[in-house]
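Source file input-v7.cif; content: mmCIF, C-alpha atoms.
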data_start
loop_
_atom_site.group_PDB
_atom_site.id
_atom_site.type_symbol
_atom_site.label_atom_id
_atom_site.label_comp_id
_atom_site.auth_asym_id
_atom_site.auth_seq_id
_atom_site.Cartn_x
_atom_site.Cartn_y
_atom_site.Cartn_z
ATOM 1 C CA MET P 30 -20.257 -18.391 -16.117
ATOM 2 C CA PRO P 31 -21.280 -14.692 -16.189
ATOM 3 C CA GLU P 32 -19.654 -12.580 -18.867
ATOM 4 C CA GLU P 33 -17.182 -9.957 -17.671
ATOM 5 C CA ARG P 34 -18.720 -6.491 -17.704
ATOM 6 C CA ARG P 35 -17.284 -4.218 -20.381
ATOM 7 C CA TYR P 36 -16.627 -0.590 -19.490
ATOM 8 C CA SER P 37 -16.421 2.316 -21.906
ATOM 9 C CA LEU P 38 -13.438 4.667 -21.846
ATOM 10 C CA LEU P 39 -15.541 7.244 -19.978
ATOM 11 C CA ASP P 40 -16.564 4.590 -17.424
ATOM 12 C CA LYS P 41 -12.914 3.704 -16.833
ATOM 13 C CA ILE P 42 -11.923 7.351 -16.420
ATOM 14 C CA CYS P 43 -14.715 7.944 -13.902
ATOM 15 C CA LEU P 44 -13.846 4.774 -11.987
ATOM 16 C CA GLY P 45 -10.182 5.737 -12.000
ATOM 17 C CA VAL P 46 -10.878 9.212 -10.619
ATOM 18 C CA ASP P 47 -13.137 7.720 -7.940
ATOM 19 C CA GLN P 48 -10.439 5.221 -6.913
ATOM 20 C CA ALA P 49 -7.815 7.956 -6.734
ATOM 21 C CA VAL P 50 -9.976 10.235 -4.578
ATOM 22 C CA ARG P 51 -10.841 7.351 -2.260
ATOM 23 C CA ALA P 52 -7.195 6.322 -1.869
ATOM 24 C CA ILE P 53 -5.983 9.851 -1.128
ATOM 25 C CA SER P 54 -8.830 10.485 1.322
ATOM 26 C CA ALA P 55 -8.444 7.039 2.987
ATOM 27 C CA THR P 56 -11.985 5.961 2.062
ATOM 28 C CA SER P 57 -11.012 3.056 -0.206
ATOM 29 C CA LYS P 58 -12.945 -0.203 -0.082
ATOM 30 C CA THR P 59 -11.940 -2.469 2.799
ATOM 31 C CA THR P 60 -12.638 -6.015 3.930
ATOM 32 C CA GLY P 61 -14.060 -4.656 7.186
ATOM 33 C CA ARG P 62 -11.529 -6.430 9.362
ATOM 34 C CA VAL P 63 -11.222 -5.372 12.994
ATOM 35 C CA TYR P 64 -8.754 -2.559 13.692
ATOM 36 C CA PRO P 65 -5.626 -4.335 15.053
ATOM 37 C CA GLY P 66 -4.975 -1.559 17.587
ATOM 38 C CA LYS P 67 -8.369 -2.035 19.206
ATOM 39 C CA SER P 68 -7.214 -4.792 21.557
ATOM 40 C CA GLU P 69 -4.567 -2.579 23.204
ATOM 41 C CA GLN P 70 -5.014 0.339 25.587
ATOM 42 C CA GLU P 71 -3.493 3.623 24.441
ATOM 43 C CA SER P 72 0.076 3.889 25.721
ATOM 44 C CA ASP P 73 1.335 6.807 27.773
ATOM 45 C CA LEU P 74 3.773 8.094 25.165
ATOM 46 C CA THR P 75 6.106 11.024 25.649
ATOM 47 C CA PRO P 76 5.863 13.873 23.110
ATOM 48 C CA GLU P 77 8.990 12.581 21.368
ATOM 49 C CA GLN P 78 7.685 9.006 21.257
ATOM 50 C CA ARG P 79 4.348 10.211 19.907
ATOM 51 C CA LYS P 80 6.149 12.226 17.225
ATOM 52 C CA GLN P 81 8.264 9.216 16.215
ATOM 53 C CA ALA P 82 5.278 6.859 16.077
ATOM 54 C CA ALA P 83 3.276 9.378 14.028
ATOM 55 C CA ALA P 84 6.118 9.867 11.533
ATOM 56 C CA LEU P 85 6.395 6.105 11.021
ATOM 57 C CA MET P 86 2.640 5.701 10.579
ATOM 58 C CA ARG P 87 2.614 8.631 8.121
ATOM 59 C CA ILE P 88 5.246 6.825 6.046
ATOM 60 C CA ASN P 89 3.124 3.685 6.047
ATOM 61 C CA HIS P 90 -0.002 5.615 5.159
ATOM 62 C CA ALA P 91 1.822 7.149 2.179
ATOM 63 C CA GLY P 92 3.062 3.683 1.255
ATOM 64 C CA GLU P 93 -0.492 2.373 1.269
ATOM 65 C CA VAL P 94 -1.586 5.223 -1.013
ATOM 66 C CA CYS P 95 1.202 4.088 -3.362
ATOM 67 C CA ALA P 96 0.051 0.468 -3.079
ATOM 68 C CA GLN P 97 -3.512 1.438 -3.998
ATOM 69 C CA ALA P 98 -2.236 3.349 -7.026
ATOM 70 C CA LEU P 99 0.000 0.484 -8.165
ATOM 71 C CA TYR P 100 -2.814 -2.049 -7.997
ATOM 72 C CA HIS P 101 -5.238 0.301 -9.713
ATOM 73 C CA GLY P 102 -2.795 0.959 -12.550
ATOM 74 C CA GLN P 103 -1.858 -2.683 -12.990
ATOM 75 C CA GLY P 104 -5.444 -3.918 -12.771
ATOM 76 C CA LEU P 105 -6.606 -1.405 -15.368
ATOM 77 C CA VAL P 106 -4.475 -2.863 -18.175
ATOM 78 C CA SER P 107 -4.123 -6.486 -17.089
ATOM 79 C CA ARG P 108 -4.899 -8.951 -19.883
ATOM 80 C CA ARG P 109 -5.711 -11.955 -17.677
ATOM 81 C CA LEU P 110 -8.981 -11.932 -15.744
ATOM 82 C CA ASP P 111 -7.464 -13.893 -12.837
ATOM 83 C CA VAL P 112 -4.646 -11.333 -12.511
ATOM 84 C CA LYS P 113 -7.119 -8.446 -12.698
ATOM 85 C CA GLU P 114 -9.197 -10.033 -9.922
ATOM 86 C CA LYS P 115 -6.061 -10.638 -7.852
ATOM 87 C CA MET P 116 -5.129 -6.955 -8.148
ATOM 88 C CA GLN P 117 -8.635 -5.890 -7.148
ATOM 89 C CA HIS P 118 -8.647 -8.199 -4.111
ATOM 90 C CA ALA P 119 -5.193 -7.053 -3.009
ATOM 91 C CA ALA P 120 -6.246 -3.402 -3.377
ATOM 92 C CA ILE P 121 -9.195 -4.015 -1.033
ATOM 93 C CA GLU P 122 -6.913 -5.626 1.566
ATOM 94 C CA GLU P 123 -4.513 -2.702 1.196
ATOM 95 C CA GLY P 124 -7.577 -0.518 1.851
ATOM 96 C CA ASP P 125 -7.645 -2.045 5.352
ATOM 97 C CA HIS P 126 -4.059 -0.930 5.887
ATOM 98 C CA LEU P 127 -4.828 2.550 4.608
ATOM 99 C CA ALA P 128 -7.765 2.897 7.024
ATOM 100 C CA TRP P 129 -5.763 1.543 9.967
ATOM 101 C CA CYS P 130 -2.867 3.945 9.376
ATOM 102 C CA GLN P 131 -5.328 6.822 9.076
ATOM 103 C CA MET P 132 -7.007 5.871 12.359
ATOM 104 C CA ARG P 133 -3.691 5.580 14.162
ATOM 105 C CA LEU P 134 -2.534 8.979 12.899
ATOM 106 C CA VAL P 135 -5.746 10.529 14.245
ATOM 107 C CA GLU P 136 -5.156 8.837 17.603
ATOM 108 C CA LEU P 137 -1.622 10.220 17.667
ATOM 109 C CA GLY P 138 -2.888 13.697 16.818
ATOM 110 C CA SER P 139 -0.939 13.885 13.571
ATOM 111 C CA HIS P 140 -1.595 14.194 9.833
ATOM 112 C CA THR P 141 -1.130 12.222 6.638
ATOM 113 C CA SER P 142 1.506 13.189 4.075
ATOM 114 C CA TYR P 143 0.655 16.404 2.242
ATOM 115 C CA LEU P 144 2.232 14.864 -0.849
ATOM 116 C CA ASN P 145 -0.188 11.933 -1.119
ATOM 117 C CA PRO P 146 -1.588 13.108 -4.489
ATOM 118 C CA CYS P 147 1.967 13.062 -5.878
ATOM 119 C CA TRP P 148 2.631 9.595 -4.468
ATOM 120 C CA TYR P 149 -0.591 8.326 -6.053
ATOM 121 C CA ILE P 150 0.066 9.779 -9.505
ATOM 122 C CA GLY P 151 3.653 8.499 -9.651
ATOM 123 C CA SER P 152 2.750 5.018 -8.425
ATOM 124 C CA PHE P 153 -0.254 4.766 -10.750
ATOM 125 C CA ALA P 154 2.015 5.553 -13.701
ATOM 126 C CA MET P 155 4.478 2.844 -12.607
ATOM 127 C CA GLY P 156 1.663 0.313 -12.166
ATOM 128 C CA LEU P 157 0.251 1.175 -15.564
ATOM 129 C CA ALA P 158 3.665 0.767 -17.212
ATOM 130 C CA ALA P 159 4.266 -2.580 -15.491
ATOM 131 C CA GLY P 160 0.838 -3.822 -16.542
ATOM 132 C CA LEU P 161 1.337 -2.813 -20.168
ATOM 133 C CA ILE P 162 4.580 -4.790 -20.399
ATOM 134 C CA GLY P 163 2.741 -8.024 -19.582
ATOM 135 C CA ASP P 164 1.030 -9.859 -16.748
ATOM 136 C CA LYS P 165 4.017 -11.961 -15.656
ATOM 137 C CA TRP P 166 6.132 -8.789 -15.376
ATOM 138 C CA SER P 167 3.281 -6.984 -13.655
ATOM 139 C CA LEU P 168 3.136 -9.805 -11.113
ATOM 140 C CA GLY P 169 6.923 -9.644 -10.802
ATOM 141 C CA PHE P 170 6.711 -5.940 -10.051
ATOM 142 C CA LEU P 171 4.016 -6.657 -7.454
ATOM 143 C CA ALA P 172 6.070 -9.407 -5.822
ATOM 144 C CA GLU P 173 9.205 -7.255 -5.595
ATOM 145 C CA THR P 174 7.211 -4.288 -4.277
ATOM 146 C CA GLU P 175 5.691 -6.409 -1.539
ATOM 147 C CA ASN P 176 9.053 -7.991 -0.747
ATOM 148 C CA GLN P 177 10.568 -4.555 -0.188
ATOM 149 C CA VAL P 178 7.560 -3.493 1.889
ATOM 150 C CA VAL P 179 7.976 -6.577 4.094
ATOM 151 C CA GLN P 180 11.617 -5.643 4.729
ATOM 152 C CA HIS P 181 10.637 -2.032 5.374
ATOM 153 C CA LEU P 182 7.998 -3.070 7.940
ATOM 154 C CA GLU P 183 10.477 -5.321 9.724
ATOM 155 C CA ASN P 184 12.760 -2.306 10.180
ATOM 156 C CA GLN P 185 9.896 -0.092 11.336
ATOM 157 C CA LEU P 186 8.777 -2.592 13.959
ATOM 158 C CA GLN P 187 12.218 -2.123 15.507
ATOM 159 C CA GLN P 188 11.965 1.672 15.365
ATOM 160 C CA LEU P 189 8.619 2.025 17.149
ATOM 161 C CA PRO P 190 8.607 3.113 20.803
ATOM 162 C CA GLU P 191 8.605 -0.109 22.832
ATOM 163 C CA ASN P 192 5.378 0.741 24.654
ATOM 164 C CA ASP P 193 3.391 1.652 21.533
ATOM 165 C CA LYS P 194 1.523 -1.640 21.300
ATOM 166 C CA ARG P 195 -1.274 -0.244 19.147
ATOM 167 C CA SER P 196 1.065 0.761 16.333
ATOM 168 C CA PHE P 197 2.994 -2.496 16.761
ATOM 169 C CA ASN P 198 -0.148 -4.604 16.255
ATOM 170 C CA ILE P 199 -1.092 -2.632 13.146
ATOM 171 C CA LEU P 200 2.319 -2.992 11.513
ATOM 172 C CA SER P 201 2.530 -6.678 12.464
ATOM 173 C CA GLN P 202 -0.760 -7.453 10.699
ATOM 174 C CA MET P 203 0.309 -5.390 7.696
ATOM 175 C CA HIS P 204 3.592 -7.342 7.576
ATOM 176 C CA GLU P 205 1.687 -10.635 7.498
ATOM 177 C CA ASP P 206 -0.658 -9.449 4.742
ATOM 178 C CA GLU P 207 2.113 -8.028 2.549
ATOM 179 C CA ALA P 208 4.081 -11.267 2.787
ATOM 180 C CA GLN P 209 0.966 -13.149 1.646
ATOM 181 C CA HIS P 210 0.507 -10.781 -1.319
ATOM 182 C CA ARG P 211 4.132 -11.388 -2.318
ATOM 183 C CA ASP P 212 3.751 -15.165 -2.083
ATOM 184 C CA ASP P 213 0.476 -15.098 -4.048
ATOM 185 C CA ALA P 214 2.142 -13.145 -6.857
ATOM 186 C CA LEU P 215 5.053 -15.570 -6.995
ATOM 187 C CA SER P 216 2.748 -18.594 -7.095
ATOM 188 C CA SER P 217 0.792 -16.977 -9.947
ATOM 189 C CA GLY P 218 3.822 -16.927 -12.244
ATOM 190 C CA ALA P 219 5.588 -13.665 -11.415
ATOM 191 C CA ALA P 220 8.739 -13.018 -13.438
ATOM 192 C CA THR P 221 11.996 -12.176 -11.652
ATOM 193 C CA LEU P 222 12.847 -8.535 -12.256
ATOM 194 C CA PRO P 223 16.348 -7.465 -13.359
ATOM 195 C CA GLN P 224 18.502 -6.217 -10.482
ATOM 196 C CA TRP P 225 18.693 -2.684 -11.862
ATOM 197 C CA ILE P 226 14.912 -2.362 -11.716
ATOM 198 C CA LYS P 227 14.923 -3.592 -8.107
ATOM 199 C CA ASN P 228 17.571 -0.975 -7.298
ATOM 200 C CA VAL P 229 15.506 1.802 -8.900
ATOM 201 C CA MET P 230 12.484 0.682 -6.888
ATOM 202 C CA ARG P 231 14.518 0.788 -3.664
ATOM 203 C CA PHE P 232 15.821 4.270 -4.448
ATOM 204 C CA THR P 233 12.309 5.547 -5.206
ATOM 205 C CA SER P 234 11.030 4.010 -1.980
ATOM 206 C CA LYS P 235 13.774 5.674 0.059
ATOM 207 C CA VAL P 236 12.885 9.081 -1.390
ATOM 208 C CA MET P 237 9.244 8.580 -0.412
ATOM 209 C CA VAL P 238 10.140 7.354 3.088
ATOM 210 C CA LYS P 239 12.470 10.238 3.888
ATOM 211 C CA THR P 240 10.022 12.822 2.527
ATOM 212 C CA ALA P 241 6.859 11.413 4.125
ATOM 213 C CA TYR P 242 8.624 11.232 7.514
ATOM 214 C CA TRP P 243 8.448 15.025 7.676
ATOM 215 C CA ILE P 244 5.841 16.182 5.147
#
Go through the file and emit its structure as structure tokens.
Amino acid sequence: MPEERRYSLLDKICLGVDQAVRAISATSKTTGRVYPGKSEQESDLTPEQRKQAAALMRINHAGEVCAQALYHGQGLVSRRLDVKEKMQHAAIEEGDHLAWCQMRLVELGSHTSYLNPCWYIGSFAMGLAAGLIGDKWSLGFLAETENQVVQHLENQLQQLPENDKRSFNILSQMHEDEAQHRDDALSSGAATLPQWIKNVMRFTSKVMVKTAYWI
């Protein structure tokens, strides 16, 4: 079995900066999966419907920037190789979501959140803290994050304009993937977080959602 490559502190800093820039600029690594919106013709949306769809996709794009940061922070300090690899794999799948949201925003003629660097820094710090506490708590944090994202996506699927099939397909695939990430974390020994931590996570998420809707 090949020995795990050891990185110097400078290597880790350079890799971390590269990951951050890629996440914020939506050029993170992806699995190369087909864009879920490709199978649908562009809908004839009214200006208001286009604005609503763009705001929802901007929220999800910001959420994917946060997801990248969380995985990067957790993976950086994980003690178990299998957990580190799980974080890296999940980050690549989240890279698909990031790219899809970016593409859809371009199609809708809108922009990503101007606060993405702030979302990344804050989420990276939370991921780093969770990882330092221990792998089972890091996995618990991941599982709860994904569980809340799944609930969030279910609500957003109801808020999309009915004829926006492209956005619907994107969010549906994201919902399926996030549920799988949650289940994988739970099956890997994730600890159950205290309720107060779950509440703090929900509050933080709501702040991001309401802000990214407009900015």
Around segment 129-139 of chain P, fit a box with edges along x, y and z, padding it by 5 Å on each side, then list its centre and edge lengths in Å to one decimal as JSON.
{"center_x": -4.0, "center_y": 7.7, "center_z": 13.4, "size_x": 16.1, "size_y": 22.3, "size_z": 18.6}
Point out the residue among P:Asn198, P:Gln103, P:Gln131, P:Gln180 with the least atom-to-atom distance to Leu161 of chain P, counting only C-alpha atoms.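 Comparing P:Asn198, P:Gln103, P:Gln131, P:Gln180 against Leu161 of chain P, the winner is P:Gln103.
Interatomic distance, atom CA of Ala120 of chain P to atom CA of Arg87 of chain P: 18.9 Å.
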Could you tell me which residues the PyMOL selection byres ((chain P and resi 117) around 12) grabs in this file, written as a ChimeraX atom specification? /P:48,57-60,96-105,107,110-116,118-124,210
For Asn192 of chain P, find every residue with an atom within 8 Å (counting all atoms listed in the file), except residues of its own chain fewer than 4 positions away, and show them as a ChimeraX atom specification. /P:72-74
Serialized selection, C-alpha atoms, as an mmCIF file, keeping the file's coordinate frame:
data_model
loop_
_atom_site.group_PDB
_atom_site.id
_atom_site.type_symbol
_atom_site.label_atom_id
_atom_site.label_comp_id
_atom_site.auth_asym_id
_atom_site.auth_seq_id
_atom_site.Cartn_x
_atom_site.Cartn_y
_atom_site.Cartn_z
ATOM 1 C CA SER P 72 0.076 3.889 25.721
ATOM 2 C CA ASP P 73 1.335 6.807 27.773
ATOM 3 C CA LEU P 74 3.773 8.094 25.165
#
Using all atoms listed in the file, which residue out of P:Pro223, P:Gly218, P:Pro65, P:Gly92 lies closest to Trp129 of chain P?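 Of P:Pro223, P:Gly218, P:Pro65, P:Gly92, the one nearest Trp129 of chain P is P:Pro65, counting all atoms listed in the file.
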